[in-house]
>>> print(open('model.cif').read())   # mmCIF, N, CA and C atoms
data_upload
#
loop_
_atom_site.label_atom_id
_atom_site.label_comp_id
_atom_site.auth_asym_id
_atom_site.auth_seq_id
_atom_site.Cartn_x
_atom_site.Cartn_y
_atom_site.Cartn_z
N MET Q 1 201.93 -13.88 -153.02
CA MET Q 1 202.25 -15.29 -153.14
C MET Q 1 202.77 -15.56 -154.54
N THR Q 2 203.62 -16.54 -154.63
CA THR Q 2 204.18 -16.89 -155.93
C THR Q 2 203.16 -17.70 -156.74
N PRO Q 3 203.32 -17.72 -158.06
CA PRO Q 3 202.44 -18.58 -158.88
C PRO Q 3 202.53 -20.05 -158.46
N GLN Q 4 203.70 -20.48 -158.01
CA GLN Q 4 203.85 -21.87 -157.56
C GLN Q 4 202.99 -22.13 -156.31
N GLU Q 5 203.02 -21.20 -155.35
CA GLU Q 5 202.19 -21.36 -154.15
C GLU Q 5 200.71 -21.37 -154.52
N THR Q 6 200.31 -20.46 -155.40
CA THR Q 6 198.92 -20.39 -155.83
C THR Q 6 198.48 -21.71 -156.45
N GLY Q 7 199.31 -22.28 -157.30
CA GLY Q 7 198.99 -23.57 -157.93
C GLY Q 7 198.91 -24.70 -156.93
N ARG Q 8 199.82 -24.69 -155.97
CA ARG Q 8 199.79 -25.75 -154.94
C ARG Q 8 198.53 -25.65 -154.08
N LEU Q 9 198.15 -24.41 -153.74
CA LEU Q 9 196.92 -24.23 -152.95
C LEU Q 9 195.70 -24.67 -153.74
N GLN Q 10 195.64 -24.34 -155.02
CA GLN Q 10 194.50 -24.75 -155.85
C GLN Q 10 194.42 -26.27 -155.94
N THR Q 11 195.54 -26.92 -156.15
CA THR Q 11 195.56 -28.39 -156.21
C THR Q 11 195.08 -28.98 -154.89
N TYR Q 12 195.57 -28.44 -153.78
CA TYR Q 12 195.18 -28.93 -152.46
C TYR Q 12 193.67 -28.80 -152.25
N LEU Q 13 193.12 -27.61 -152.54
CA LEU Q 13 191.69 -27.40 -152.33
C LEU Q 13 190.84 -28.28 -153.24
N ARG Q 14 191.23 -28.43 -154.49
CA ARG Q 14 190.48 -29.30 -155.41
C ARG Q 14 190.46 -30.73 -154.90
N GLU Q 15 191.58 -31.21 -154.40
CA GLU Q 15 191.63 -32.58 -153.87
C GLU Q 15 190.88 -32.69 -152.56
N LYS Q 16 191.06 -31.73 -151.66
CA LYS Q 16 190.44 -31.78 -150.33
C LYS Q 16 188.92 -31.76 -150.43
N PHE Q 17 188.38 -30.89 -151.31
CA PHE Q 17 186.93 -30.75 -151.45
C PHE Q 17 186.36 -31.56 -152.61
N ASN Q 18 187.22 -32.30 -153.33
CA ASN Q 18 186.80 -33.11 -154.46
C ASN Q 18 185.95 -32.27 -155.43
N LEU Q 19 186.51 -31.09 -155.81
CA LEU Q 19 185.77 -30.14 -156.62
C LEU Q 19 186.73 -29.47 -157.60
N SER Q 20 186.66 -29.88 -158.85
CA SER Q 20 187.59 -29.36 -159.85
C SER Q 20 187.29 -27.92 -160.28
N GLN Q 21 186.13 -27.38 -159.89
CA GLN Q 21 185.79 -26.01 -160.28
C GLN Q 21 186.43 -24.95 -159.40
N ILE Q 22 187.13 -25.35 -158.35
CA ILE Q 22 187.79 -24.38 -157.47
C ILE Q 22 188.96 -23.75 -158.22
N ARG Q 23 189.02 -22.41 -158.16
CA ARG Q 23 190.14 -21.67 -158.75
C ARG Q 23 190.73 -20.75 -157.70
N VAL Q 24 192.04 -20.65 -157.69
CA VAL Q 24 192.74 -19.74 -156.79
C VAL Q 24 193.42 -18.69 -157.65
N LYS Q 25 193.11 -17.42 -157.37
CA LYS Q 25 193.61 -16.32 -158.19
C LYS Q 25 194.33 -15.29 -157.33
N PRO Q 26 195.39 -14.70 -157.86
CA PRO Q 26 196.07 -13.62 -157.12
C PRO Q 26 195.12 -12.43 -156.92
N ARG Q 27 195.35 -11.69 -155.85
CA ARG Q 27 194.60 -10.46 -155.60
C ARG Q 27 195.37 -9.30 -156.20
N PRO Q 28 194.73 -8.45 -156.96
CA PRO Q 28 195.43 -7.31 -157.57
C PRO Q 28 196.08 -6.40 -156.52
N GLY Q 29 197.38 -6.17 -156.67
CA GLY Q 29 198.10 -5.25 -155.79
C GLY Q 29 198.41 -5.77 -154.40
N VAL Q 30 198.11 -7.06 -154.14
CA VAL Q 30 198.35 -7.64 -152.83
C VAL Q 30 199.18 -8.91 -153.01
N ASP Q 31 200.22 -9.09 -152.20
CA ASP Q 31 201.05 -10.28 -152.40
C ASP Q 31 201.03 -11.26 -151.22
N ASP Q 32 200.22 -11.00 -150.19
CA ASP Q 32 200.18 -11.90 -149.04
C ASP Q 32 198.93 -12.76 -148.99
N SER Q 33 198.10 -12.68 -150.05
CA SER Q 33 196.86 -13.46 -150.04
C SER Q 33 196.37 -13.68 -151.47
N VAL Q 34 195.46 -14.64 -151.61
CA VAL Q 34 194.83 -14.97 -152.89
C VAL Q 34 193.33 -15.11 -152.67
N GLU Q 35 192.57 -15.08 -153.78
CA GLU Q 35 191.13 -15.25 -153.72
C GLU Q 35 190.77 -16.65 -154.20
N VAL Q 36 189.70 -17.21 -153.62
CA VAL Q 36 189.23 -18.55 -153.99
C VAL Q 36 187.85 -18.41 -154.61
N TYR Q 37 187.67 -19.08 -155.75
CA TYR Q 37 186.40 -19.04 -156.48
C TYR Q 37 185.92 -20.47 -156.74
N ILE Q 38 184.61 -20.61 -156.79
CA ILE Q 38 183.99 -21.81 -157.35
C ILE Q 38 183.27 -21.33 -158.59
N GLY Q 39 183.77 -21.73 -159.74
CA GLY Q 39 183.27 -21.16 -160.98
C GLY Q 39 183.62 -19.68 -160.99
N GLU Q 40 182.60 -18.83 -161.14
CA GLU Q 40 182.82 -17.38 -161.14
C GLU Q 40 182.49 -16.73 -159.79
N GLU Q 41 182.05 -17.55 -158.82
CA GLU Q 41 181.63 -17.00 -157.53
C GLU Q 41 182.79 -16.97 -156.54
N PHE Q 42 183.10 -15.78 -156.02
CA PHE Q 42 184.11 -15.62 -154.98
C PHE Q 42 183.59 -16.24 -153.70
N ILE Q 43 184.42 -17.09 -153.05
CA ILE Q 43 183.96 -17.72 -151.82
C ILE Q 43 184.85 -17.47 -150.62
N ALA Q 44 186.14 -17.16 -150.85
CA ALA Q 44 187.04 -17.06 -149.70
C ALA Q 44 188.34 -16.36 -150.08
N THR Q 45 189.11 -16.07 -149.04
CA THR Q 45 190.45 -15.52 -149.19
C THR Q 45 191.40 -16.43 -148.41
N ILE Q 46 192.58 -16.64 -148.97
CA ILE Q 46 193.62 -17.39 -148.26
C ILE Q 46 194.77 -16.43 -147.98
N TYR Q 47 195.14 -16.34 -146.70
CA TYR Q 47 196.24 -15.48 -146.28
C TYR Q 47 197.47 -16.32 -145.96
N ARG Q 48 198.63 -15.84 -146.37
CA ARG Q 48 199.90 -16.52 -146.10
C ARG Q 48 200.53 -15.89 -144.86
N ASP Q 49 201.01 -16.73 -143.95
CA ASP Q 49 201.68 -16.25 -142.74
C ASP Q 49 203.02 -16.98 -142.59
N GLU Q 50 204.06 -16.22 -142.35
CA GLU Q 50 205.37 -16.81 -142.10
C GLU Q 50 205.84 -16.35 -140.74
N ASP Q 51 206.11 -17.32 -139.86
CA ASP Q 51 206.54 -17.02 -138.49
C ASP Q 51 207.70 -17.95 -138.14
N GLU Q 52 208.83 -17.37 -137.83
CA GLU Q 52 210.04 -18.12 -137.46
C GLU Q 52 210.39 -19.17 -138.51
N GLY Q 53 210.24 -18.81 -139.78
CA GLY Q 53 210.61 -19.70 -140.87
C GLY Q 53 209.57 -20.73 -141.25
N GLU Q 54 208.46 -20.78 -140.52
CA GLU Q 54 207.39 -21.73 -140.85
C GLU Q 54 206.27 -20.99 -141.55
N ILE Q 55 205.77 -21.59 -142.62
CA ILE Q 55 204.72 -20.97 -143.42
C ILE Q 55 203.40 -21.70 -143.18
N SER Q 56 202.34 -20.91 -143.01
CA SER Q 56 201.00 -21.48 -142.90
C SER Q 56 200.05 -20.63 -143.73
N TYR Q 57 198.87 -21.17 -144.01
CA TYR Q 57 197.87 -20.48 -144.82
C TYR Q 57 196.55 -20.51 -144.07
N ALA Q 58 195.88 -19.36 -144.01
CA ALA Q 58 194.59 -19.25 -143.33
C ALA Q 58 193.50 -19.05 -144.36
N PHE Q 59 192.54 -19.97 -144.39
CA PHE Q 59 191.40 -19.93 -145.31
C PHE Q 59 190.27 -19.20 -144.59
N THR Q 60 189.84 -18.05 -145.13
CA THR Q 60 188.80 -17.24 -144.49
C THR Q 60 187.59 -17.15 -145.42
N MET Q 61 186.47 -17.69 -144.93
CA MET Q 61 185.24 -17.67 -145.72
C MET Q 61 184.14 -17.03 -144.88
N THR Q 62 183.56 -15.97 -145.40
CA THR Q 62 182.47 -15.29 -144.72
C THR Q 62 181.15 -15.78 -145.30
N ILE Q 63 180.22 -16.12 -144.43
CA ILE Q 63 178.89 -16.55 -144.87
C ILE Q 63 177.89 -15.53 -144.33
N LEU Q 64 177.18 -14.89 -145.23
CA LEU Q 64 176.18 -13.92 -144.82
C LEU Q 64 174.91 -14.64 -144.36
N GLU Q 65 174.30 -14.14 -143.31
CA GLU Q 65 173.09 -14.75 -142.78
C GLU Q 65 171.99 -14.79 -143.84
N MET Q 66 171.93 -13.76 -144.68
CA MET Q 66 170.88 -13.71 -145.70
C MET Q 66 171.06 -14.78 -146.78
N ASP Q 67 172.25 -15.38 -146.88
CA ASP Q 67 172.50 -16.43 -147.86
C ASP Q 67 172.09 -17.83 -147.36
N LEU Q 68 171.85 -17.93 -146.07
CA LEU Q 68 171.49 -19.24 -145.51
C LEU Q 68 170.04 -19.58 -145.85
N PRO Q 69 169.76 -20.88 -146.03
CA PRO Q 69 168.36 -21.27 -146.34
C PRO Q 69 167.44 -21.05 -145.16
#
>>> encode(input="model.cif", output="structure tokens")
Amino acid sequence: MTPQETGRLQTYLREKFNLSQIRVKPRPGVDDSVEVYIGEEFIATIYRDEDEGEISYAFTMTILEMDLP
């Protein structure tokens, strides 16, 4: 993903979740996805998909059962 896309995704997530600590960072050696952090904690991956000229982004967050209260 381009730095512009990464910035747009970060802005969107910060506004959507009303949380300024969200950061979107490129993944080393990978150009079709980025990592999402809250502070220093990794929380999700966003994948970019382009189909017939239309672009979409898939937010994937795994929650481990042992992390639930």
>>> atom_distance(input="model.cif", atom1="atom C of Arg23 of chain Q", atom2="atom C of Phe59 of chain Q")
13.2 Å
>>> resolve_selection(input="model.cif", expression="the PyMOL selection byres (((chain Q and resi 8-18 and name CA) around 12) and name CA)", output="ChimeraX atom specification")
/Q:1-7,19-26,33-38,44-48,56-59
>>> write_last_selection(input="model.cif", atoms="N, CA and C atoms", output="PDB file, in the frame of the given file")
ATOM      1  N   MET Q   1     201.930 -13.880-153.020  1.00  0.00           N
ATOM      2  CA  MET Q   1     202.250 -15.290-153.140  1.00  0.00           C
ATOM      3  C   MET Q   1     202.770 -15.560-154.540  1.00  0.00           C
ATOM      4  N   THR Q   2     203.620 -16.540-154.630  1.00  0.00           N
ATOM      5  CA  THR Q   2     204.180 -16.890-155.930  1.00  0.00           C
ATOM      6  C   THR Q   2     203.160 -17.700-156.740  1.00  0.00           C
ATOM      7  N   PRO Q   3     203.320 -17.720-158.060  1.00  0.00           N
ATOM      8  CA  PRO Q   3     202.440 -18.580-158.880  1.00  0.00           C
ATOM      9  C   PRO Q   3     202.530 -20.050-158.460  1.00  0.00           C
ATOM     10  N   GLN Q   4     203.700 -20.480-158.010  1.00  0.00           N
ATOM     11  CA  GLN Q   4     203.850 -21.870-157.560  1.00  0.00           C
ATOM     12  C   GLN Q   4     202.990 -22.130-156.310  1.00  0.00           C
ATOM     13  N   GLU Q   5     203.020 -21.200-155.350  1.00  0.00           N
ATOM     14  CA  GLU Q   5     202.190 -21.360-154.150  1.00  0.00           C
ATOM     15  C   GLU Q   5     200.710 -21.370-154.520  1.00  0.00           C
ATOM     16  N   THR Q   6     200.310 -20.460-155.400  1.00  0.00           N
ATOM     17  CA  THR Q   6     198.920 -20.390-155.830  1.00  0.00           C
ATOM     18  C   THR Q   6     198.480 -21.710-156.450  1.00  0.00           C
ATOM     19  N   GLY Q   7     199.310 -22.280-157.300  1.00  0.00           N
ATOM     20  CA  GLY Q   7     198.990 -23.570-157.930  1.00  0.00           C
ATOM     21  C   GLY Q   7     198.910 -24.700-156.930  1.00  0.00           C
ATOM     22  N   LEU Q  19     186.510 -31.090-155.810  1.00  0.00           N
ATOM     23  CA  LEU Q  19     185.770 -30.140-156.620  1.00  0.00           C
ATOM     24  C   LEU Q  19     186.730 -29.470-157.600  1.00  0.00           C
ATOM     25  N   SER Q  20     186.660 -29.880-158.850  1.00  0.00           N
ATOM     26  CA  SER Q  20     187.590 -29.360-159.850  1.00  0.00           C
ATOM     27  C   SER Q  20     187.290 -27.920-160.280  1.00  0.00           C
ATOM     28  N   GLN Q  21     186.130 -27.380-159.890  1.00  0.00           N
ATOM     29  CA  GLN Q  21     185.790 -26.010-160.280  1.00  0.00           C
ATOM     30  C   GLN Q  21     186.430 -24.950-159.400  1.00  0.00           C
ATOM     31  N   ILE Q  22     187.130 -25.350-158.350  1.00  0.00           N
ATOM     32  CA  ILE Q  22     187.790 -24.380-157.470  1.00  0.00           C
ATOM     33  C   ILE Q  22     188.960 -23.750-158.220  1.00  0.00           C
ATOM     34  N   ARG Q  23     189.020 -22.410-158.160  1.00  0.00           N
ATOM     35  CA  ARG Q  23     190.140 -21.670-158.750  1.00  0.00           C
ATOM     36  C   ARG Q  23     190.730 -20.750-157.700  1.00  0.00           C
ATOM     37  N   VAL Q  24     192.040 -20.650-157.690  1.00  0.00           N
ATOM     38  CA  VAL Q  24     192.740 -19.740-156.790  1.00  0.00           C
ATOM     39  C   VAL Q  24     193.420 -18.690-157.650  1.00  0.00           C
ATOM     40  N   LYS Q  25     193.110 -17.420-157.370  1.00  0.00           N
ATOM     41  CA  LYS Q  25     193.610 -16.320-158.190  1.00  0.00           C
ATOM     42  C   LYS Q  25     194.330 -15.290-157.330  1.00  0.00           C
ATOM     43  N   PRO Q  26     195.390 -14.700-157.860  1.00  0.00           N
ATOM     44  CA  PRO Q  26     196.070 -13.620-157.120  1.00  0.00           C
ATOM     45  C   PRO Q  26     195.120 -12.430-156.920  1.00  0.00           C
ATOM     46  N   SER Q  33     198.100 -12.680-150.050  1.00  0.00           N
ATOM     47  CA  SER Q  33     196.860 -13.460-150.040  1.00  0.00           C
ATOM     48  C   SER Q  33     196.370 -13.680-151.470  1.00  0.00           C
ATOM     49  N   VAL Q  34     195.460 -14.640-151.610  1.00  0.00           N
ATOM     50  CA  VAL Q  34     194.830 -14.970-152.890  1.00  0.00           C
ATOM     51  C   VAL Q  34     193.330 -15.110-152.670  1.00  0.00           C
ATOM     52  N   GLU Q  35     192.570 -15.080-153.780  1.00  0.00           N
ATOM     53  CA  GLU Q  35     191.130 -15.250-153.720  1.00  0.00           C
ATOM     54  C   GLU Q  35     190.770 -16.650-154.200  1.00  0.00           C
ATOM     55  N   VAL Q  36     189.700 -17.210-153.620  1.00  0.00           N
ATOM     56  CA  VAL Q  36     189.230 -18.550-153.990  1.00  0.00           C
ATOM     57  C   VAL Q  36     187.850 -18.410-154.610  1.00  0.00           C
ATOM     58  N   TYR Q  37     187.670 -19.080-155.750  1.00  0.00           N
ATOM     59  CA  TYR Q  37     186.400 -19.040-156.480  1.00  0.00           C
ATOM     60  C   TYR Q  37     185.920 -20.470-156.740  1.00  0.00           C
ATOM     61  N   ILE Q  38     184.610 -20.610-156.790  1.00  0.00           N
ATOM     62  CA  ILE Q  38     183.990 -21.810-157.350  1.00  0.00           C
ATOM     63  C   ILE Q  38     183.270 -21.330-158.590  1.00  0.00           C
ATOM     64  N   ALA Q  44     186.140 -17.160-150.850  1.00  0.00           N
ATOM     65  CA  ALA Q  44     187.040 -17.060-149.700  1.00  0.00           C
ATOM     66  C   ALA Q  44     188.340 -16.360-150.080  1.00  0.00           C
ATOM     67  N   THR Q  45     189.110 -16.070-149.040  1.00  0.00           N
ATOM     68  CA  THR Q  45     190.450 -15.520-149.190  1.00  0.00           C
ATOM     69  C   THR Q  45     191.400 -16.430-148.410  1.00  0.00           C
ATOM     70  N   ILE Q  46     192.580 -16.640-148.970  1.00  0.00           N
ATOM     71  CA  ILE Q  46     193.620 -17.390-148.260  1.00  0.00           C
ATOM     72  C   ILE Q  46     194.770 -16.430-147.980  1.00  0.00           C
ATOM     73  N   TYR Q  47     195.140 -16.340-146.700  1.00  0.00           N
ATOM     74  CA  TYR Q  47     196.240 -15.480-146.280  1.00  0.00           C
ATOM     75  C   TYR Q  47     197.470 -16.320-145.960  1.00  0.00           C
ATOM     76  N   ARG Q  48     198.630 -15.840-146.370  1.00  0.00           N
ATOM     77  CA  ARG Q  48     199.900 -16.520-146.100  1.00  0.00           C
ATOM     78  C   ARG Q  48     200.530 -15.890-144.860  1.00  0.00           C
ATOM     79  N   SER Q  56     202.340 -20.910-143.010  1.00  0.00           N
ATOM     80  CA  SER Q  56     201.000 -21.480-142.900  1.00  0.00           C
ATOM     81  C   SER Q  56     200.050 -20.630-143.730  1.00  0.00           C
ATOM     82  N   TYR Q  57     198.870 -21.170-144.010  1.00  0.00           N
ATOM     83  CA  TYR Q  57     197.870 -20.480-144.820  1.00  0.00           C
ATOM     84  C   TYR Q  57     196.550 -20.510-144.070  1.00  0.00           C
ATOM     85  N   ALA Q  58     195.880 -19.360-144.010  1.00  0.00           N
ATOM     86  CA  ALA Q  58     194.590 -19.250-143.330  1.00  0.00           C
ATOM     87  C   ALA Q  58     193.500 -19.050-144.360  1.00  0.00           C
ATOM     88  N   PHE Q  59     192.540 -19.970-144.390  1.00  0.00           N
ATOM     89  CA  PHE Q  59     191.400 -19.930-145.310  1.00  0.00           C
ATOM     90  C   PHE Q  59     190.270 -19.200-144.590  1.00  0.00           C
TER      91      PHE Q  59
END
>>> select_by_dssp(input="model.cif", residues="chain Q", states="alpha helix (DSSP H)", output="PyMOL selection string")
chain Q and resi 3-17
>>> atom_distance(input="model.cif", atom1="atom CA of Asp31 of chain Q", atom2="atom CA of Met61 of chain Q")
18.7 Å
>>> select_by_dssp(input="model.cif", residues="chain Q", states="strand (DSSP E or B)", output="number ranges by chain")
Q: 22-26, 33-38, 41-51, 54-60
>>> atom_distance(input="model.cif", atom1="atom CA of Ile63 of chain Q", atom2="atom CA of Glu50 of chain Q")
26.6 Å
